[in-house]
Amino acid sequence: MEKALALTRLAPATAPNRSHWHAAVAHQRDGNTDAAITALQEHLRQTPDDAGAWMHLGAALRRHGRLDAALVSYQRALRLCPRDPAVWSSMGRLWADLGQQEQGLRAHRRAVELDPSRMALRVDCAHALAEAGRLDEAERHLDSCLRQEPGRQDLRQMRGRLRLQAGRLREGWEDHEARPEAPLPAALRLLPRWRGERVAGRRVLVTPEGSPAETLWAARYVGMLARRGACVSLACEPDMQRVLASLSAHIVSVQDSAVDAGSFDLRCPLQSLPALLDPRGAAIPDPFVPEPPAPEPWLRELLSPPGAALRVGIAWQDPASPQAGAGLSLGQLLPLALLPHLRLYSLQTGSATAELPGNGAAGLVTDLGSRCADLADLASAIAQMDVCVLIDGVALHLAGCIGKPALGLLGGRAHWLHGMRGESSRWYPSLRLLRQESPGDWFEQLRETTALLRGWADVRSRRV
């Protein structure tokens, strides 16, 4: 909404020189934020009372990550147009970026109060309420929006996530079906969807969707489908094939162009299985338990002798996260290496492994993750740990699947699978969840992690 606003709001006709304004709009359309900011600043030197330009500038500065400057720009716009709901809504999003949720909620509520008929403002307010954990109030906003526009599948999908996060699985699964289906080859799209009818003896292709972590979570339902008598095939990415090999299903590569639609009778998206197999949300199936391969020679060489020190596996970024920079930095976990009687092993995969050589961590952390060819190798490395300290992502789900004790460090926008509160996981009994007290602040989680590891390492040292 903010981007659309920035591209459509017009400069006032009284502006003495509109060349900088037009240049800014062109730069924004081209995605050149730096040039847009410069042009807007020049325009505002000539026309300081242009509230729309201050809004443009605030939006551009926010996209550029200059949040304090964006706040000043929005405040200037608000001073000029104190009853403009769009300004209040933009302020609400910015306050959330700054970690000031209550300020943000007040701004969003003020926007809705000023123009309760505008759908986009109510949806933005619902998003803000959901991120603040006000699930009931967020759902009320979404209910009112859906009464106005009952065909909005995106709103149903959002409401479904809220209900699932609150543990209301029956209602959540129903709304979760409003999500768009992942792209498929044309031949596979022609296969009829399985809708929960009798499936014994039928050949069902379970199609992939979601992140690798979500695939590991949902894999528990593939076994349930096989137990109904279906001949199940599961399509997945190549780096997941070995780790999923012990499922009661034939594993098919999504990159295999030779997959023949004639080999199947039905198809079903992976995350639709819960709604079809357990529509009442009455039971939580046990996690799928992969069979980690035996440690490769390189892994055995890098591990400390058993019992010599507590082996602690760490991962600080989710390689599949759409949010760049989500999670921690390696530097925030490095102080754990100073604790006696333990040794840190990196289970990090993806681009974040680049932090290891540049962080002076070579003597403090042993890198395992960058040597893992696929998730089966990563599962093998996790299995050799005594305990893990992991950001939410595929490594945390792997630890939960194989029953490895792990501390899950959850950010302010935790996945709905982890619910809203509590240290235990309904999906993975071996996990202990540590939640942020305020968005972006990892201090308390790291303090508790340090205390727990110190205690466990001391117990280990007394046993040796």
# chains A, B, ... in the order shown; residues from 1 in each chain; ligands from 1
$ select_by_dssp --residues "region 86-318 of chain A" --states "helix (DSSP H, G or I)" --output "PyMOL selection string"
chain A and resi 86-97+101-114+119-131+135-148+153-165+169-176+186-189+212-227+238-240+261-263+270-277+297-302
$ select_by_dssp --residues "region 357-454 of chain A" --states "strand (DSSP E)" --output "VMD selection string"
chain A and resid 365 to 367 387 to 391 406 to 410 431 to 435
$ closest_residue --among "A:Glu139, A:Asp392, A:Glu177, A:Asp386" --to "Pro319 (chain A)" --atoms "only C-alpha atoms"
A:Asp392
$ closest_residue --among "A:Arg156, A:His56, A:Pro269, A:Leu225" --to "Ala182 (chain A)" --atoms "only C-alpha atoms"
A:Pro269
$ closest_atom_pairs --of "region 128-207 of chain A" --to "region 104-117 of chain A" --cutoff "10 Å" --atoms "only C-alpha atoms" --output "JSON lines"
{"residue": "A:Ala128", "atom": "CA", "partner": "A:Leu105", "partner_atom": "CA", "distance": 6.5}
{"residue": "A:Leu129", "atom": "CA", "partner": "A:Leu105", "partner_atom": "CA", "distance": 6.9}
{"residue": "A:Ala132", "atom": "CA", "partner": "A:Leu105", "partner_atom": "CA", "distance": 8.4}
{"residue": "A:Cys145", "atom": "CA", "partner": "A:Ser117", "partner_atom": "CA", "distance": 9.6}
{"residue": "A:Gln148", "atom": "CA", "partner": "A:Ser117", "partner_atom": "CA", "distance": 9.7}
$ write_last_selection --atoms "C-alpha atoms" --output "PDB file, in the first residue's frame"
ATOM      1  CA  ALA A 128       0.091  -4.952  13.245  1.00  0.00           C
ATOM      2  CA  LEU A 129      -2.177  -6.496  15.867  1.00  0.00           C
ATOM      3  CA  ALA A 132       1.920  -7.731  18.552  1.00  0.00           C
ATOM      4  CA  CYS A 145     -13.104  -7.119   6.164  1.00  0.00           C
ATOM      5  CA  GLN A 148     -17.330  -6.629   3.271  1.00  0.00           C
TER       6      GLN A 148
END
$ residues_around --residues "Thr450 (chain A)" --least-positions-apart "2" --cutoff "12 Å" --atoms "only C-alpha atoms" --output "list of chain:residue names"
A:Val312, A:Gln332, A:Leu333, A:Leu334, A:Pro335, A:Leu336, A:Ala337, A:Leu338, A:Leu339, A:Pro340, A:Leu342, A:Val389, A:Leu407, A:Phe443, A:Glu444, A:Gln445, A:Leu446, A:Arg447, A:Glu448, A:Leu452, A:Leu453, A:Arg454, A:Gly455, A:Trp456, A:Ala457
$ residues_around --residues "Arg76 (chain A)" --least-positions-apart "3" --cutoff "8 Å" --atoms "only C-alpha atoms" --output "PDB file with C-alpha atoms, in the first residue's frame"
ATOM      1  CA  ALA A  51       2.826  16.830   2.794  1.00  0.00           C
ATOM      2  CA  TRP A  54       7.252  14.274   2.958  1.00  0.00           C
ATOM      3  CA  VAL A  72      11.072  12.784  11.022  1.00  0.00           C
ATOM      4  CA  SER A  73       9.672  12.884   7.473  1.00  0.00           C
ATOM      5  CA  ARG A  79       2.016  18.079  11.161  1.00  0.00           C
ATOM      6  CA  LEU A  80       0.765  19.317   7.773  1.00  0.00           C
TER       7      LEU A  80
END
$ closest_atom_pairs --of "region 276-371 of chain A" --to "region 211-221 of chain A" --cutoff "12 Å" --atoms "only C-alpha atoms" --output "Markdown table"
| residue | atom | partner | partner_atom | distance |
| --- | --- | --- | --- | --- |
| A:Leu276 | CA | A:Tyr221 | CA | 9.8 |
| A:Leu277 | CA | A:Tyr221 | CA | 7.7 |
| A:Asp278 | CA | A:Tyr221 | CA | 9.2 |
| A:Ala283 | CA | A:Tyr221 | CA | 11.4 |
| A:Ile284 | CA | A:Arg220 | CA | 9.5 |
| A:Pro285 | CA | A:Arg220 | CA | 6.5 |
| A:Asp286 | CA | A:Arg220 | CA | 6.7 |
| A:Pro287 | CA | A:Arg220 | CA | 5.3 |
| A:Phe288 | CA | A:Arg220 | CA | 4.6 |
| A:Val289 | CA | A:Arg220 | CA | 8.4 |
| A:Pro290 | CA | A:Leu216 | CA | 9.3 |
| A:Asp318 | CA | A:Ala213 | CA | 9.4 |
| A:Pro319 | CA | A:Pro212 | CA | 9.8 |
| A:Ala320 | CA | A:Ser211 | CA | 6.5 |
| A:Ser321 | CA | A:Ser211 | CA | 8.5 |
| A:Pro322 | CA | A:Ser211 | CA | 10.1 |
$ closest_residue --among "A:Asp97, A:Glu174, A:Glu137, A:Glu301" --to "Gly440 (chain A)" --atoms "only C-alpha atoms"
A:Asp97
$ residues_around --residues "Asp136 (chain A)" --least-positions-apart "6" --cutoff "12 Å" --atoms "only C-alpha atoms" --output "ChimeraX atom specification"
/A:126-127,129-130,142-143,159,162-163,165-166,168
$ write_last_selection --atoms "N, CA and C atoms" --output "tab-separated table (two decimals), in the first residue's frame"
chain	number	residue	atom	x	y	z
A	126	ALA	N	-4.80	-5.02	11.18
A	126	ALA	CA	-4.85	-6.44	11.57
A	126	ALA	C	-3.45	-7.04	11.56
A	127	HIS	N	-2.65	-6.72	10.55
A	127	HIS	CA	-1.27	-7.20	10.50
A	127	HIS	C	-0.50	-6.76	11.75
A	129	LEU	N	-1.66	-5.84	14.67
A	129	LEU	CA	-2.18	-6.50	15.87
A	129	LEU	C	-1.68	-7.93	15.96
A	130	ALA	N	-1.63	-8.63	14.83
A	130	ALA	CA	-1.15	-10.01	14.83
A	130	ALA	C	0.31	-10.07	15.25
A	142	LEU	N	-10.17	-8.74	10.63
A	142	LEU	CA	-10.25	-9.56	9.41
A	142	LEU	C	-11.68	-10.04	9.17
A	143	ASP	N	-12.40	-10.40	10.23
A	143	ASP	CA	-13.80	-10.82	10.07
A	143	ASP	C	-14.63	-9.70	9.44
A	159	ARG	N	-6.17	-14.96	8.22
A	159	ARG	CA	-6.95	-15.37	9.38
A	159	ARG	C	-6.63	-16.81	9.77
A	162	LEU	N	-3.54	-16.87	11.89
A	162	LEU	CA	-3.83	-16.43	13.25
A	162	LEU	C	-4.46	-17.56	14.06
A	163	ARG	N	-5.41	-18.25	13.46
A	163	ARG	CA	-6.10	-19.32	14.19
A	163	ARG	C	-5.16	-20.49	14.48
A	165	GLN	N	-1.92	-20.23	14.85
A	165	GLN	CA	-1.00	-19.76	15.88
A	165	GLN	C	-1.64	-19.82	17.26
A	166	ALA	N	-2.94	-19.57	17.31
A	166	ALA	CA	-3.65	-19.64	18.58
A	166	ALA	C	-3.98	-21.07	18.99
A	168	ARG	N	-6.05	-23.09	17.34
A	168	ARG	CA	-7.40	-23.48	16.92
A	168	ARG	C	-7.29	-24.17	15.56
$ closest_residue --among "A:Pro238, A:Ala395, A:Gly133, A:Ser346" --to "Asp374 (chain A)" --atoms "only C-alpha atoms"
A:Pro238
$ residues_around --residues "Ser351 (chain A)" --least-positions-apart "3" --cutoff "10 Å" --atoms "only C-alpha atoms" --output "PyMOL selection string"
chain A and resi 317-319+348+354-355+370
$ closest_atom_pairs --of "region 223-290 of chain A" --to "region 184-208 of chain A" --cutoff "8 Å" --atoms "only C-alpha atoms" --output "tab-separated table"
residue	atom	partner	partner_atom	distance
A:Arg228	CA	A:Ala200	CA	5.9
A:Gly229	CA	A:Ala200	CA	4.1
A:Ala230	CA	A:Ala200	CA	4.8
A:Cys231	CA	A:Arg203	CA	4.7
A:Val232	CA	A:Val204	CA	5.0
A:Ser233	CA	A:Leu205	CA	4.8
A:Leu234	CA	A:Val206	CA	4.8
A:Ala235	CA	A:Thr207	CA	5.4
A:Cys236	CA	A:Pro208	CA	5.7
A:Val254	CA	A:Pro208	CA	7.9
A:Ala261	CA	A:Leu188	CA	5.4
A:Ser263	CA	A:Arg203	CA	7.5
A:Phe264	CA	A:Arg203	CA	4.9
A:Asp265	CA	A:Arg203	CA	5.1
A:Leu266	CA	A:Val204	CA	4.8
A:Arg267	CA	A:Leu205	CA	4.6
A:Cys268	CA	A:Val206	CA	4.9
A:Pro269	CA	A:Thr207	CA	4.7
A:Leu270	CA	A:Val206	CA	5.6
A:Leu276	CA	A:Gly196	CA	5.2
A:Leu277	CA	A:Gly196	CA	7.1
$ atom_distance --atom1 "CA of Val252 (chain A)" --atom2 "CA of Gly350 (chain A)"
23.7 Å
$ closest_residue --among "A:Ser304, A:Gln28, A:Ser89, A:Thr47" --to "Gln384 (chain A)" --atoms "only C-alpha atoms"
A:Ser304
$ closest_residue --among "A:Ala35, A:Leu431, A:Ala282, A:Val365" --to "Ala23 (chain A)" --atoms "only C-alpha atoms"
A:Ala35
$ residues_around --residues "region 410-423 of chain A" --least-positions-apart "4" --cutoff "7 Å" --atoms "only C-alpha atoms" --output "count of residues only"
18
$ atom_distance --atom1 "CA of Arg371 (chain A)" --atom2 "CA of Gly307 (chain A)"
23.8 Å
$ decode --residues "region 376-452 of chain A" --atoms "C-alpha atoms" --output "mmCIF file, in the first residue's frame"
data_model
loop_
_atom_site.group_PDB
_atom_site.id
_atom_site.type_symbol
_atom_site.label_atom_id
_atom_site.label_comp_id
_atom_site.auth_asym_id
_atom_site.auth_seq_id
_atom_site.Cartn_x
_atom_site.Cartn_y
_atom_site.Cartn_z
ATOM 1 C CA ALA A 376 20.876 -35.663 5.293
ATOM 2 C CA ASP A 377 24.456 -34.560 6.016
ATOM 3 C CA LEU A 378 23.107 -31.781 8.245
ATOM 4 C CA ALA A 379 20.932 -34.294 10.129
ATOM 5 C CA SER A 380 24.012 -36.487 10.613
ATOM 6 C CA ALA A 381 25.919 -33.527 12.089
ATOM 7 C CA ILE A 382 23.021 -32.596 14.390
ATOM 8 C CA ALA A 383 22.808 -36.189 15.611
ATOM 9 C CA GLN A 384 26.416 -35.936 16.873
ATOM 10 C CA MET A 385 25.661 -32.920 19.065
ATOM 11 C CA ASP A 386 24.721 -33.079 22.748
ATOM 12 C CA VAL A 387 22.504 -30.015 22.451
ATOM 13 C CA CYS A 388 21.853 -27.343 19.830
ATOM 14 C CA VAL A 389 21.209 -23.591 19.948
ATOM 15 C CA LEU A 390 19.325 -22.715 16.767
ATOM 16 C CA ILE A 391 17.412 -19.885 15.179
ATOM 17 C CA ASP A 392 14.046 -20.945 13.767
ATOM 18 C CA GLY A 393 14.655 -22.687 10.458
ATOM 19 C CA VAL A 394 15.465 -26.008 8.855
ATOM 20 C CA ALA A 395 18.161 -26.953 11.407
ATOM 21 C CA LEU A 396 15.717 -26.460 14.294
ATOM 22 C CA HIS A 397 13.104 -28.628 12.570
ATOM 23 C CA LEU A 398 15.689 -31.311 11.838
ATOM 24 C CA ALA A 399 16.707 -31.329 15.510
ATOM 25 C CA GLY A 400 13.040 -31.670 16.483
ATOM 26 C CA CYS A 401 12.478 -34.502 13.995
ATOM 27 C CA ILE A 402 15.364 -36.626 15.290
ATOM 28 C CA GLY A 403 14.586 -35.810 18.945
ATOM 29 C CA LYS A 404 17.776 -33.858 19.621
ATOM 30 C CA PRO A 405 17.552 -31.465 22.612
ATOM 31 C CA ALA A 406 17.696 -27.930 21.259
ATOM 32 C CA LEU A 407 17.089 -24.363 22.346
ATOM 33 C CA GLY A 408 15.022 -22.593 19.690
ATOM 34 C CA LEU A 409 15.691 -18.837 19.582
ATOM 35 C CA LEU A 410 12.489 -17.280 18.237
ATOM 36 C CA GLY A 411 12.373 -13.783 16.792
ATOM 37 C CA GLY A 412 9.539 -11.324 17.247
ATOM 38 C CA ARG A 413 7.688 -12.686 14.202
ATOM 39 C CA ALA A 414 7.826 -16.391 15.016
ATOM 40 C CA HIS A 415 6.256 -18.932 12.685
ATOM 41 C CA TRP A 416 2.679 -19.892 13.578
ATOM 42 C CA LEU A 417 3.894 -23.429 14.340
ATOM 43 C CA HIS A 418 5.459 -22.138 17.562
ATOM 44 C CA GLY A 419 2.269 -20.603 18.925
ATOM 45 C CA MET A 420 2.227 -17.437 20.992
ATOM 46 C CA ARG A 421 3.674 -18.381 24.348
ATOM 47 C CA GLY A 422 5.320 -21.107 26.375
ATOM 48 C CA GLU A 423 8.650 -22.900 26.199
ATOM 49 C CA SER A 424 7.399 -26.253 24.916
ATOM 50 C CA SER A 425 6.623 -27.115 21.296
ATOM 51 C CA ARG A 426 3.416 -28.992 20.517
ATOM 52 C CA TRP A 427 5.065 -30.355 17.361
ATOM 53 C CA TYR A 428 8.550 -31.251 18.644
ATOM 54 C CA PRO A 429 8.851 -32.486 22.255
ATOM 55 C CA SER A 430 12.676 -32.203 22.343
ATOM 56 C CA LEU A 431 12.689 -28.438 21.699
ATOM 57 C CA ARG A 432 12.740 -25.686 24.297
ATOM 58 C CA LEU A 433 11.547 -22.380 22.856
ATOM 59 C CA LEU A 434 13.050 -19.096 24.047
ATOM 60 C CA ARG A 435 10.990 -16.086 23.002
ATOM 61 C CA GLN A 436 11.869 -12.421 22.636
ATOM 62 C CA GLU A 437 10.479 -10.055 25.237
ATOM 63 C CA SER A 438 10.599 -7.204 22.720
ATOM 64 C CA PRO A 439 11.090 -7.381 18.930
ATOM 65 C CA GLY A 440 14.717 -7.427 17.853
ATOM 66 C CA ASP A 441 16.084 -7.765 21.400
ATOM 67 C CA TRP A 442 17.971 -11.036 21.847
ATOM 68 C CA PHE A 443 19.590 -10.139 25.188
ATOM 69 C CA GLU A 444 17.356 -12.161 27.527
ATOM 70 C CA GLN A 445 17.335 -15.204 25.231
ATOM 71 C CA LEU A 446 21.126 -15.203 25.029
ATOM 72 C CA ARG A 447 21.449 -14.677 28.783
ATOM 73 C CA GLU A 448 19.193 -17.665 29.459
ATOM 74 C CA THR A 449 21.004 -19.738 26.834
ATOM 75 C CA THR A 450 24.339 -18.970 28.482
ATOM 76 C CA ALA A 451 23.050 -19.956 31.927
ATOM 77 C CA LEU A 452 21.573 -23.226 30.668
#
